$ cat protein.cif   # mmCIF, N, CA and C atoms and all ligand atoms
data_my_file
loop_
_atom_site.label_atom_id
_atom_site.label_comp_id
_atom_site.auth_asym_id
_atom_site.auth_seq_id
_atom_site.Cartn_x
_atom_site.Cartn_y
_atom_site.Cartn_z
N MET C 312 -35.34 -120.74 82.32
CA MET C 312 -35.89 -119.39 82.20
C MET C 312 -34.83 -118.48 81.57
N GLN C 313 -35.25 -117.76 80.55
CA GLN C 313 -34.32 -116.87 79.85
C GLN C 313 -34.21 -115.54 80.61
N ILE C 314 -32.99 -115.12 80.88
CA ILE C 314 -32.76 -113.82 81.52
C ILE C 314 -32.42 -112.83 80.41
N ILE C 315 -33.21 -111.75 80.33
CA ILE C 315 -32.95 -110.76 79.28
C ILE C 315 -32.36 -109.51 79.93
N LYS C 316 -31.10 -109.30 79.63
CA LYS C 316 -30.40 -108.12 80.16
C LYS C 316 -30.04 -107.21 79.00
N TYR C 317 -30.29 -105.94 79.16
CA TYR C 317 -29.91 -104.96 78.15
C TYR C 317 -28.64 -104.26 78.60
N MET C 318 -27.67 -104.15 77.69
CA MET C 318 -26.47 -103.37 77.99
C MET C 318 -26.61 -102.06 77.23
N PHE C 319 -26.89 -101.00 77.93
CA PHE C 319 -27.09 -99.70 77.27
C PHE C 319 -25.74 -99.08 76.94
N LYS C 320 -25.74 -98.31 75.88
CA LYS C 320 -24.47 -97.74 75.45
C LYS C 320 -24.31 -96.32 76.01
N PRO C 321 -23.38 -96.15 76.97
CA PRO C 321 -23.21 -94.80 77.52
C PRO C 321 -22.54 -93.87 76.50
N HIS C 322 -22.98 -92.62 76.50
CA HIS C 322 -22.31 -91.60 75.70
C HIS C 322 -21.19 -91.06 76.58
N GLY C 323 -20.04 -91.70 76.50
CA GLY C 323 -18.94 -91.29 77.36
C GLY C 323 -18.03 -90.31 76.67
N ASP C 324 -17.58 -89.32 77.41
CA ASP C 324 -16.52 -88.45 76.90
C ASP C 324 -15.69 -88.01 78.10
N ASP C 325 -14.81 -87.05 77.89
CA ASP C 325 -13.92 -86.70 79.00
C ASP C 325 -14.63 -86.00 80.16
N ARG C 326 -15.96 -85.76 80.00
CA ARG C 326 -16.72 -85.17 81.12
C ARG C 326 -17.37 -86.25 81.98
N GLY C 327 -17.48 -87.48 81.42
CA GLY C 327 -18.15 -88.54 82.17
C GLY C 327 -19.09 -89.32 81.29
N GLN C 328 -20.13 -89.91 81.88
CA GLN C 328 -21.02 -90.83 81.16
C GLN C 328 -22.45 -90.32 81.17
N LEU C 329 -23.17 -90.66 80.12
CA LEU C 329 -24.59 -90.32 80.04
C LEU C 329 -25.29 -91.47 79.31
N VAL C 330 -26.37 -91.96 79.91
CA VAL C 330 -27.16 -93.01 79.26
C VAL C 330 -28.53 -92.44 78.95
N ALA C 331 -28.96 -92.57 77.70
CA ALA C 331 -30.28 -92.09 77.28
C ALA C 331 -31.10 -93.30 76.84
N LEU C 332 -32.34 -93.37 77.30
CA LEU C 332 -33.20 -94.51 76.96
C LEU C 332 -34.49 -94.01 76.34
N GLU C 333 -34.79 -94.49 75.16
CA GLU C 333 -36.02 -94.12 74.48
C GLU C 333 -36.94 -95.33 74.40
N GLU C 334 -38.22 -95.07 74.63
CA GLU C 334 -39.19 -96.16 74.54
C GLU C 334 -39.16 -96.74 73.12
N ILE C 335 -39.46 -98.03 73.04
CA ILE C 335 -39.47 -98.81 71.78
C ILE C 335 -38.06 -99.00 71.21
N LYS C 336 -37.29 -97.91 71.10
CA LYS C 336 -35.96 -98.02 70.51
C LYS C 336 -34.99 -98.77 71.44
N ASP C 337 -34.90 -98.31 72.70
CA ASP C 337 -33.96 -98.93 73.65
C ASP C 337 -34.67 -99.82 74.65
N ILE C 338 -35.95 -99.57 74.84
CA ILE C 338 -36.78 -100.27 75.83
C ILE C 338 -37.91 -100.91 75.04
N PRO C 339 -38.20 -102.20 75.27
CA PRO C 339 -39.14 -102.90 74.37
C PRO C 339 -40.62 -102.62 74.62
N PHE C 340 -40.93 -101.46 75.22
CA PHE C 340 -42.34 -101.11 75.43
C PHE C 340 -42.45 -99.59 75.58
N THR C 341 -43.67 -99.11 75.58
CA THR C 341 -43.92 -97.70 75.83
C THR C 341 -43.80 -97.46 77.34
N ILE C 342 -42.99 -96.50 77.71
CA ILE C 342 -42.77 -96.24 79.14
C ILE C 342 -43.89 -95.34 79.67
N LYS C 343 -44.72 -95.91 80.55
CA LYS C 343 -45.83 -95.11 81.09
C LYS C 343 -45.53 -94.62 82.50
N ARG C 344 -44.52 -95.21 83.13
CA ARG C 344 -44.26 -94.87 84.54
C ARG C 344 -42.81 -95.14 84.86
N VAL C 345 -42.25 -94.27 85.70
CA VAL C 345 -40.88 -94.43 86.19
C VAL C 345 -40.93 -94.29 87.70
N TYR C 346 -40.27 -95.21 88.41
CA TYR C 346 -40.14 -95.01 89.86
C TYR C 346 -38.79 -95.55 90.30
N TYR C 347 -38.39 -95.18 91.49
CA TYR C 347 -37.09 -95.64 91.97
C TYR C 347 -37.11 -95.83 93.47
N MET C 348 -36.24 -96.70 93.92
CA MET C 348 -36.11 -97.03 95.34
C MET C 348 -34.73 -96.61 95.80
N TYR C 349 -34.64 -96.02 96.96
CA TYR C 349 -33.35 -95.64 97.53
C TYR C 349 -33.48 -95.66 99.05
N ASP C 350 -32.38 -95.52 99.77
CA ASP C 350 -32.39 -95.61 101.24
C ASP C 350 -33.00 -96.93 101.68
N THR C 351 -32.82 -97.96 100.88
CA THR C 351 -33.40 -99.27 101.22
C THR C 351 -32.68 -99.81 102.45
N VAL C 352 -33.44 -100.23 103.41
CA VAL C 352 -32.90 -100.67 104.70
C VAL C 352 -32.19 -102.02 104.53
N SER C 353 -31.04 -102.14 105.16
CA SER C 353 -30.22 -103.35 105.05
C SER C 353 -31.03 -104.60 105.43
N GLY C 354 -30.91 -105.64 104.64
CA GLY C 354 -31.58 -106.91 104.94
C GLY C 354 -32.99 -107.02 104.38
N VAL C 355 -33.50 -105.91 103.86
CA VAL C 355 -34.89 -105.89 103.38
C VAL C 355 -35.03 -106.64 102.04
N ILE C 356 -36.16 -107.31 101.87
CA ILE C 356 -36.51 -107.90 100.57
C ILE C 356 -37.71 -107.12 100.03
N ARG C 357 -37.56 -106.52 98.86
CA ARG C 357 -38.68 -105.79 98.25
C ARG C 357 -39.28 -106.62 97.12
N GLY C 358 -40.34 -106.11 96.56
CA GLY C 358 -41.00 -106.83 95.47
C GLY C 358 -41.92 -107.88 96.06
N LYS C 359 -41.54 -109.14 95.94
CA LYS C 359 -42.35 -110.27 96.42
C LYS C 359 -43.75 -110.21 95.80
N HIS C 360 -43.75 -110.05 94.48
CA HIS C 360 -45.02 -110.07 93.75
C HIS C 360 -44.75 -110.39 92.28
N ALA C 361 -45.81 -110.66 91.56
CA ALA C 361 -45.76 -110.78 90.10
C ALA C 361 -46.82 -109.84 89.54
N HIS C 362 -46.75 -109.61 88.24
CA HIS C 362 -47.76 -108.77 87.60
C HIS C 362 -48.48 -109.56 86.52
N LYS C 363 -49.76 -109.31 86.40
CA LYS C 363 -50.54 -110.00 85.38
C LYS C 363 -50.18 -109.51 83.98
N SER C 364 -49.97 -108.21 83.82
CA SER C 364 -49.69 -107.65 82.48
C SER C 364 -48.42 -106.81 82.40
N LEU C 365 -48.03 -106.21 83.50
CA LEU C 365 -46.94 -105.22 83.47
C LEU C 365 -45.60 -105.79 83.05
N GLN C 366 -44.90 -105.05 82.21
CA GLN C 366 -43.50 -105.36 81.89
C GLN C 366 -42.65 -104.25 82.50
N GLN C 367 -41.44 -104.61 82.88
CA GLN C 367 -40.55 -103.63 83.51
C GLN C 367 -39.12 -103.83 83.08
N ILE C 368 -38.34 -102.75 83.20
CA ILE C 368 -36.88 -102.83 83.11
C ILE C 368 -36.34 -102.26 84.41
N LEU C 369 -35.48 -103.02 85.08
CA LEU C 369 -34.87 -102.57 86.33
C LEU C 369 -33.42 -102.18 86.05
N ILE C 370 -33.04 -101.01 86.53
CA ILE C 370 -31.65 -100.53 86.37
C ILE C 370 -31.16 -100.04 87.72
N CYS C 371 -30.09 -100.64 88.22
CA CYS C 371 -29.53 -100.17 89.48
C CYS C 371 -28.55 -99.05 89.10
N ILE C 372 -29.07 -97.81 89.11
CA ILE C 372 -28.27 -96.70 88.56
C ILE C 372 -27.17 -96.24 89.52
N HIS C 373 -27.24 -96.73 90.76
CA HIS C 373 -26.15 -96.45 91.72
C HIS C 373 -26.11 -97.59 92.72
N GLY C 374 -24.92 -98.03 93.08
CA GLY C 374 -24.81 -99.13 94.03
C GLY C 374 -25.16 -100.45 93.38
N SER C 375 -25.64 -101.38 94.19
CA SER C 375 -25.94 -102.72 93.66
C SER C 375 -27.09 -103.36 94.43
N CYS C 376 -27.68 -104.36 93.79
CA CYS C 376 -28.69 -105.19 94.46
C CYS C 376 -28.78 -106.50 93.68
N LYS C 377 -29.58 -107.42 94.19
CA LYS C 377 -29.83 -108.67 93.47
C LYS C 377 -31.32 -108.80 93.22
N VAL C 378 -31.65 -109.49 92.13
CA VAL C 378 -33.05 -109.73 91.81
C VAL C 378 -33.23 -111.23 91.63
N ARG C 379 -34.18 -111.81 92.35
CA ARG C 379 -34.51 -113.22 92.14
C ARG C 379 -35.76 -113.27 91.28
N LEU C 380 -35.66 -113.96 90.15
CA LEU C 380 -36.80 -114.12 89.25
C LEU C 380 -37.27 -115.56 89.32
N ASP C 381 -38.56 -115.77 89.31
CA ASP C 381 -39.13 -117.10 89.46
C ASP C 381 -40.35 -117.18 88.54
N ASN C 382 -40.31 -118.14 87.61
CA ASN C 382 -41.45 -118.28 86.69
C ASN C 382 -42.38 -119.42 87.11
N GLY C 383 -42.18 -119.92 88.34
CA GLY C 383 -43.04 -120.99 88.85
C GLY C 383 -42.43 -122.35 88.60
N THR C 384 -41.47 -122.43 87.68
CA THR C 384 -40.79 -123.68 87.36
C THR C 384 -39.35 -123.61 87.83
N GLU C 385 -38.69 -122.48 87.55
CA GLU C 385 -37.32 -122.31 88.01
C GLU C 385 -37.11 -120.88 88.48
N SER C 386 -36.00 -120.73 89.22
CA SER C 386 -35.70 -119.42 89.80
C SER C 386 -34.24 -119.09 89.51
N LYS C 387 -33.98 -117.82 89.20
CA LYS C 387 -32.61 -117.39 88.91
C LYS C 387 -32.33 -116.08 89.64
N VAL C 388 -31.07 -115.92 90.04
CA VAL C 388 -30.67 -114.68 90.71
C VAL C 388 -29.81 -113.86 89.74
N VAL C 389 -30.18 -112.61 89.60
CA VAL C 389 -29.45 -111.72 88.69
C VAL C 389 -28.88 -110.56 89.50
N PRO C 390 -27.55 -110.42 89.56
CA PRO C 390 -26.99 -109.25 90.23
C PRO C 390 -27.10 -108.02 89.32
N LEU C 391 -27.46 -106.89 89.89
CA LEU C 391 -27.47 -105.63 89.14
C LEU C 391 -26.47 -104.71 89.80
N GLU C 392 -25.40 -104.39 89.08
CA GLU C 392 -24.36 -103.57 89.70
C GLU C 392 -23.74 -102.52 88.78
N LYS C 393 -24.36 -102.34 87.61
CA LYS C 393 -23.82 -101.34 86.68
C LYS C 393 -24.95 -100.41 86.24
N PRO C 394 -24.67 -99.12 86.15
CA PRO C 394 -25.73 -98.17 85.77
C PRO C 394 -26.12 -98.25 84.30
N TYR C 395 -25.41 -99.07 83.52
CA TYR C 395 -25.72 -99.18 82.09
C TYR C 395 -26.32 -100.54 81.75
N GLU C 396 -26.73 -101.32 82.78
CA GLU C 396 -27.38 -102.59 82.45
C GLU C 396 -28.81 -102.63 83.00
N GLY C 397 -29.70 -103.15 82.16
CA GLY C 397 -31.11 -103.19 82.53
C GLY C 397 -31.60 -104.63 82.49
N LEU C 398 -32.38 -105.00 83.49
CA LEU C 398 -32.97 -106.34 83.53
C LEU C 398 -34.43 -106.24 83.11
N TYR C 399 -34.77 -106.96 82.05
CA TYR C 399 -36.16 -106.98 81.58
C TYR C 399 -36.94 -108.02 82.39
N ILE C 400 -38.09 -107.64 82.89
CA ILE C 400 -38.97 -108.60 83.58
C ILE C 400 -40.33 -108.57 82.91
N SER C 401 -40.70 -109.69 82.33
CA SER C 401 -42.00 -109.76 81.65
C SER C 401 -43.10 -109.93 82.69
N ASN C 402 -44.32 -109.92 82.22
CA ASN C 402 -45.44 -110.21 83.12
C ASN C 402 -45.37 -111.67 83.58
N ILE C 403 -46.11 -112.00 84.62
CA ILE C 403 -46.20 -113.37 85.16
C ILE C 403 -44.83 -113.91 85.60
N VAL C 404 -44.03 -113.06 86.20
CA VAL C 404 -42.76 -113.50 86.78
C VAL C 404 -42.70 -112.96 88.21
N TRP C 405 -42.49 -113.87 89.15
CA TRP C 405 -42.35 -113.47 90.56
C TRP C 405 -40.97 -112.86 90.74
N ARG C 406 -40.87 -111.69 91.40
CA ARG C 406 -39.58 -111.05 91.59
C ARG C 406 -39.38 -110.63 93.04
N GLU C 407 -38.13 -110.77 93.45
CA GLU C 407 -37.73 -110.29 94.79
C GLU C 407 -36.42 -109.54 94.62
N MET C 408 -36.34 -108.36 95.19
CA MET C 408 -35.11 -107.55 95.14
C MET C 408 -34.53 -107.50 96.54
N TYR C 409 -33.23 -107.79 96.65
CA TYR C 409 -32.62 -107.88 97.98
C TYR C 409 -31.12 -107.59 97.88
N ASP C 410 -30.43 -107.69 99.00
CA ASP C 410 -28.98 -107.42 99.04
C ASP C 410 -28.65 -106.03 98.50
N PHE C 411 -29.47 -105.07 98.84
CA PHE C 411 -29.23 -103.69 98.39
C PHE C 411 -28.01 -103.14 99.10
N SER C 412 -27.08 -102.54 98.35
CA SER C 412 -25.99 -101.82 99.00
C SER C 412 -26.59 -100.54 99.61
N GLU C 413 -25.88 -99.98 100.56
CA GLU C 413 -26.40 -98.81 101.28
C GLU C 413 -26.72 -97.65 100.34
N ASP C 414 -25.91 -97.56 99.26
CA ASP C 414 -26.05 -96.44 98.32
C ASP C 414 -26.90 -96.79 97.10
N ALA C 415 -27.61 -97.93 97.15
CA ALA C 415 -28.31 -98.39 95.94
C ALA C 415 -29.49 -97.48 95.57
N VAL C 416 -29.59 -97.20 94.28
CA VAL C 416 -30.76 -96.53 93.72
C VAL C 416 -31.25 -97.43 92.59
N LEU C 417 -32.43 -98.02 92.77
CA LEU C 417 -32.96 -98.94 91.79
C LEU C 417 -34.08 -98.25 91.01
N LEU C 418 -33.79 -98.03 89.73
CA LEU C 418 -34.73 -97.34 88.85
C LEU C 418 -35.57 -98.37 88.11
N VAL C 419 -36.87 -98.12 88.01
CA VAL C 419 -37.76 -99.05 87.31
C VAL C 419 -38.52 -98.30 86.21
N LEU C 420 -38.46 -98.84 85.01
CA LEU C 420 -39.24 -98.32 83.88
C LEU C 420 -40.39 -99.30 83.69
N ALA C 421 -41.60 -98.79 83.65
CA ALA C 421 -42.76 -99.68 83.63
C ALA C 421 -43.67 -99.38 82.44
N SER C 422 -44.29 -100.44 81.94
CA SER C 422 -45.10 -100.33 80.72
C SER C 422 -46.53 -99.83 80.99
N GLU C 423 -46.90 -99.76 82.28
CA GLU C 423 -48.27 -99.35 82.61
C GLU C 423 -48.26 -98.42 83.80
N LEU C 424 -49.35 -97.68 83.97
CA LEU C 424 -49.53 -96.87 85.17
C LEU C 424 -49.73 -97.80 86.36
N TYR C 425 -49.61 -97.25 87.55
CA TYR C 425 -49.78 -98.06 88.76
C TYR C 425 -51.22 -98.57 88.84
N ASP C 426 -51.34 -99.88 89.05
CA ASP C 426 -52.67 -100.49 89.11
C ASP C 426 -52.59 -101.69 90.06
N GLU C 427 -53.11 -101.51 91.26
CA GLU C 427 -53.00 -102.56 92.28
C GLU C 427 -53.65 -103.87 91.80
N SER C 428 -54.66 -103.76 90.92
CA SER C 428 -55.34 -104.99 90.48
C SER C 428 -54.47 -105.82 89.52
N ASP C 429 -53.34 -105.26 89.08
CA ASP C 429 -52.41 -106.01 88.22
C ASP C 429 -51.42 -106.85 89.03
N TYR C 430 -51.41 -106.60 90.37
CA TYR C 430 -50.45 -107.29 91.23
C TYR C 430 -50.95 -108.67 91.67
N ILE C 431 -50.02 -109.62 91.75
CA ILE C 431 -50.29 -110.89 92.46
C ILE C 431 -49.30 -110.88 93.61
N ARG C 432 -49.77 -110.68 94.83
CA ARG C 432 -48.87 -110.48 95.96
C ARG C 432 -48.70 -111.73 96.83
N ASP C 433 -49.40 -112.80 96.47
CA ASP C 433 -49.32 -114.03 97.25
C ASP C 433 -48.72 -115.11 96.34
N TYR C 434 -47.66 -115.79 96.85
CA TYR C 434 -46.94 -116.74 95.99
C TYR C 434 -47.83 -117.91 95.56
N ASP C 435 -48.65 -118.40 96.48
CA ASP C 435 -49.57 -119.51 96.12
C ASP C 435 -50.56 -119.06 95.05
N GLU C 436 -50.99 -117.82 95.20
CA GLU C 436 -51.91 -117.23 94.21
C GLU C 436 -51.23 -117.16 92.83
N PHE C 437 -49.94 -116.81 92.86
CA PHE C 437 -49.13 -116.75 91.63
C PHE C 437 -49.09 -118.13 90.96
N LEU C 438 -48.79 -119.16 91.77
CA LEU C 438 -48.73 -120.52 91.22
C LEU C 438 -50.08 -120.94 90.66
N LYS C 439 -51.14 -120.55 91.37
CA LYS C 439 -52.49 -120.88 90.92
C LYS C 439 -52.78 -120.17 89.58
N PHE C 440 -52.34 -118.90 89.50
CA PHE C 440 -52.58 -118.09 88.30
C PHE C 440 -51.93 -118.71 87.07
N ILE C 441 -50.72 -119.28 87.26
CA ILE C 441 -50.05 -119.88 86.10
C ILE C 441 -50.35 -121.37 85.96
N GLY C 442 -51.23 -121.86 86.84
CA GLY C 442 -51.67 -123.25 86.71
C GLY C 442 -50.66 -124.27 87.21
N LYS C 443 -49.81 -123.84 88.18
CA LYS C 443 -48.76 -124.75 88.69
C LYS C 443 -49.09 -125.30 90.07
N LYS C 444 -50.23 -124.92 90.62
CA LYS C 444 -50.52 -125.35 91.98
C LYS C 444 -50.92 -126.81 92.00
N LYS C 445 -50.25 -127.56 92.92
CA LYS C 445 -50.55 -129.00 93.01
C LYS C 445 -51.87 -129.21 93.73
P1 LIG M 1 -44.68 -101.70 96.92
O1 LIG M 1 -45.53 -102.28 95.84
O2 LIG M 1 -44.81 -102.25 98.30
O3 LIG M 1 -43.15 -101.80 96.47
P2 LIG M 1 -42.34 -103.13 96.10
O4 LIG M 1 -43.34 -104.25 95.99
O5 LIG M 1 -41.75 -102.82 94.75
O6 LIG M 1 -41.33 -103.37 97.13
O7 LIG M 1 -44.92 -100.13 96.93
C1 LIG M 1 -44.68 -99.33 98.06
C2 LIG M 1 -45.74 -98.23 98.13
O8 LIG M 1 -45.64 -97.35 97.01
C3 LIG M 1 -47.14 -98.79 98.14
O9 LIG M 1 -47.88 -98.03 99.07
C4 LIG M 1 -47.67 -98.51 96.75
C5 LIG M 1 -46.90 -97.28 96.34
N1 LIG M 1 -46.65 -97.19 94.90
C6 LIG M 1 -47.27 -96.23 94.16
O10 LIG M 1 -48.06 -95.41 94.66
N2 LIG M 1 -47.00 -96.15 92.82
C7 LIG M 1 -46.14 -96.99 92.21
O11 LIG M 1 -45.91 -96.88 90.99
C8 LIG M 1 -45.50 -98.02 93.00
C9 LIG M 1 -44.54 -99.00 92.38
C10 LIG M 1 -45.78 -98.08 94.34
#

$ encode --input "protein.cif" --output "structure tokens"
Amino acid sequence: MQIIKYMFKPHGDDRGQLVALEEIKDIPFTIKRVYYMYDTVSGVIRGKHAHKSLQQILICIHGSCKVRLDNGTESKVVPLEKPYEGLYISNIVWREMYDFSEDAVLLVLASELYDESDYIRDYDEFLKFIGKKK
């Protein structure tokens, strides 16, 4: 499974850093929704779903967390610990976010508006959807 990470270029000067992200130019889709997670309770696993169509970029803009990606054949863990790196997650990929540091803020850029019918929240259902169920 290919892991696609974007390294954004901060506009750094003697005042500090600034990262600007434009749809299509820096992000490979039109950004229809932005959300973020913070105050995540220690030990919690978030996500635990796949999307039928949605694409996302995850950026841990403060603190750190880990993301486990699973395409039904293999699984990889990607640490997110820099505010200038973004993890691209295509549709039909099971994701779990965990190991959040106390100060973690996980920003998500999404290609679609919120739509519960785009979610696959059951792992067996996910395998069935991609035709991997034995
Ligand atoms: P949830 O899907 O459980 O978060 P995750 O799977 O990423 O850990 O979402 C938590 C709640 O927030 C749930 O009630 C749905 C709501 N929600 C929205 O209203 N809009 C959104 O864009 C998202 C991502 C969630």

$ closest_residue --input "protein.cif" --among "C:Glu436, C:Asp381, C:Glu396, C:Asp350" --to "Ser412 (chain C)" --atoms "only C-alpha atoms"
C:Asp350

$ residues_near_ligand --input "protein.cif" --ligand "ligand LIG 1 (chain M)" --cutoff "7 Å" --atoms "all atoms listed in the file" --output "list in words"
Arg344, Val345, Tyr346, Ile356, Arg357, Gly358, Lys359, His360, Leu424, Tyr425 and Asp426 of chain C

$ atom_distance --input "protein.cif" --atom1 "atom N of Leu369 (chain C)" --atom2 "atom C of Tyr317 (chain C)"
9.5 Å

$ select_by_dssp --input "protein.cif" --residues "chain C" --states "strand (DSSP E)" --output "JSON, numbers by chain"
{"C": [315, 316, 317, 318, 344, 345, 346, 347, 348, 357, 358, 359, 360, 361, 362, 367, 368, 369, 370, 371, 372, 373, 376, 377, 378, 379, 380, 381, 386, 387, 388, 389, 390, 391, 396, 397, 398, 399, 400, 405, 406, 407, 408, 409, 416, 417, 418, 419, 420, 421, 430, 431]}

$ atom_distance --input "protein.cif" --atom1 "atom N of Ala421 (chain C)" --atom2 "atom N of Glu333 (chain C)"
11.7 Å

$ atom_distance --input "protein.cif" --atom1 "CA of Ile315 (chain C)" --atom2 "CA of His362 (chain C)"
17.1 Å

$ axis_aligned_box --input "protein.cif" --around "region 372-383 of chain C" --padding-each-side "5 Å" --output "JSON"
{"center_x": -33.9, "center_y": -109.3, "center_z": 90.6, "size_x": 28.2, "size_y": 36.1, "size_z": 17.8}

$ closest_residue --input "protein.cif" --among "C:Ile342, C:Leu380, C:Pro394, C:Glu385" --to "Pro321 (chain C)" --atoms "only C-alpha atoms"
C:Pro394

$ closest_residue --input "protein.cif" --among "C:Arg326, C:Glu334, C:Arg432, C:Lys316" --to "Ile400 (chain C)" --atoms "all atoms listed in the file"
C:Lys316

$ residues_near_point --input "protein.cif" --point "(-51.6, -114.3, 84.2)" --cutoff "7 Å" --atoms "all atoms listed in the file" --output "JSON, numbers by chain"
{"C": [362, 363, 364, 402, 403, 440, 441]}

$ closest_residue --input "protein.cif" --among "C:Ser422, C:Thr341, C:Asn382, C:Gln366" --to "Val404 (chain C)" --atoms "only N, CA and C atoms"
C:Asn382

$ closest_residue --input "protein.cif" --among "C:Ser428, C:Ser401, C:Gln313, C:Ser353" --to "Leu365 (chain C)" --atoms "only N, CA and C atoms"
C:Ser401

$ closest_residue --input "protein.cif" --among "C:Val388, C:Cys371, C:Ile314, C:Val355" --to "Tyr409 (chain C)" --atoms "all atoms listed in the file"
C:Val355

$ residues_around --input "protein.cif" --residues "Tyr347 (chain C)" --least-positions-apart "5" --cutoff "7 Å" --atoms "all atoms listed in the file" --output "MDAnalysis selection string"
chainID C and resid 416:419

$ select_by_dssp --input "protein.cif" --residues "chain C" --states "alpha helix (DSSP H)" --output "VMD selection string"
chain C and resid 434 to 440

$ residues_near_point --input "protein.cif" --point "(-25.9, -96.3, 92.7)" --cutoff "6 Å" --atoms "only N, CA and C atoms" --output "PDB file with N, CA and C atoms, in the coordinates of the input"
ATOM      1  N   CYS C 371     -30.090-100.640  88.220  1.00  0.00           N
ATOM      2  CA  CYS C 371     -29.530-100.170  89.480  1.00  0.00           C
ATOM      3  C   CYS C 371     -28.550 -99.050  89.100  1.00  0.00           C
ATOM      4  N   ILE C 372     -29.070 -97.810  89.110  1.00  0.00           N
ATOM      5  CA  ILE C 372     -28.270 -96.700  88.560  1.00  0.00           C
ATOM      6  C   ILE C 372     -27.170 -96.240  89.520  1.00  0.00           C
ATOM      7  N   HIS C 373     -27.240 -96.730  90.760  1.00  0.00           N
ATOM      8  CA  HIS C 373     -26.150 -96.450  91.720  1.00  0.00           C
ATOM      9  C   HIS C 373     -26.110 -97.590  92.720  1.00  0.00           C
ATOM     10  N   GLY C 374     -24.920 -98.030  93.080  1.00  0.00           N
ATOM     11  CA  GLY C 374     -24.810 -99.130  94.030  1.00  0.00           C
ATOM     12  C   GLY C 374     -25.160-100.450  93.380  1.00  0.00           C
ATOM     13  N   SER C 375     -25.640-101.380  94.190  1.00  0.00           N
ATOM     14  CA  SER C 375     -25.940-102.720  93.660  1.00  0.00           C
ATOM     15  C   SER C 375     -27.090-103.360  94.430  1.00  0.00           C
ATOM     16  N   ASP C 414     -25.910 -97.560  99.260  1.00  0.00           N
ATOM     17  CA  ASP C 414     -26.050 -96.440  98.320  1.00  0.00           C
ATOM     18  C   ASP C 414     -26.900 -96.790  97.100  1.00  0.00           C
ATOM     19  N   ALA C 415     -27.610 -97.930  97.150  1.00  0.00           N
ATOM     20  CA  ALA C 415     -28.310 -98.390  95.940  1.00  0.00           C
ATOM     21  C   ALA C 415     -29.490 -97.480  95.570  1.00  0.00           C
ATOM     22  N   VAL C 416     -29.590 -97.200  94.280  1.00  0.00           N
ATOM     23  CA  VAL C 416     -30.760 -96.530  93.720  1.00  0.00           C
ATOM     24  C   VAL C 416     -31.250 -97.430  92.590  1.00  0.00           C
TER      25      VAL C 416
END
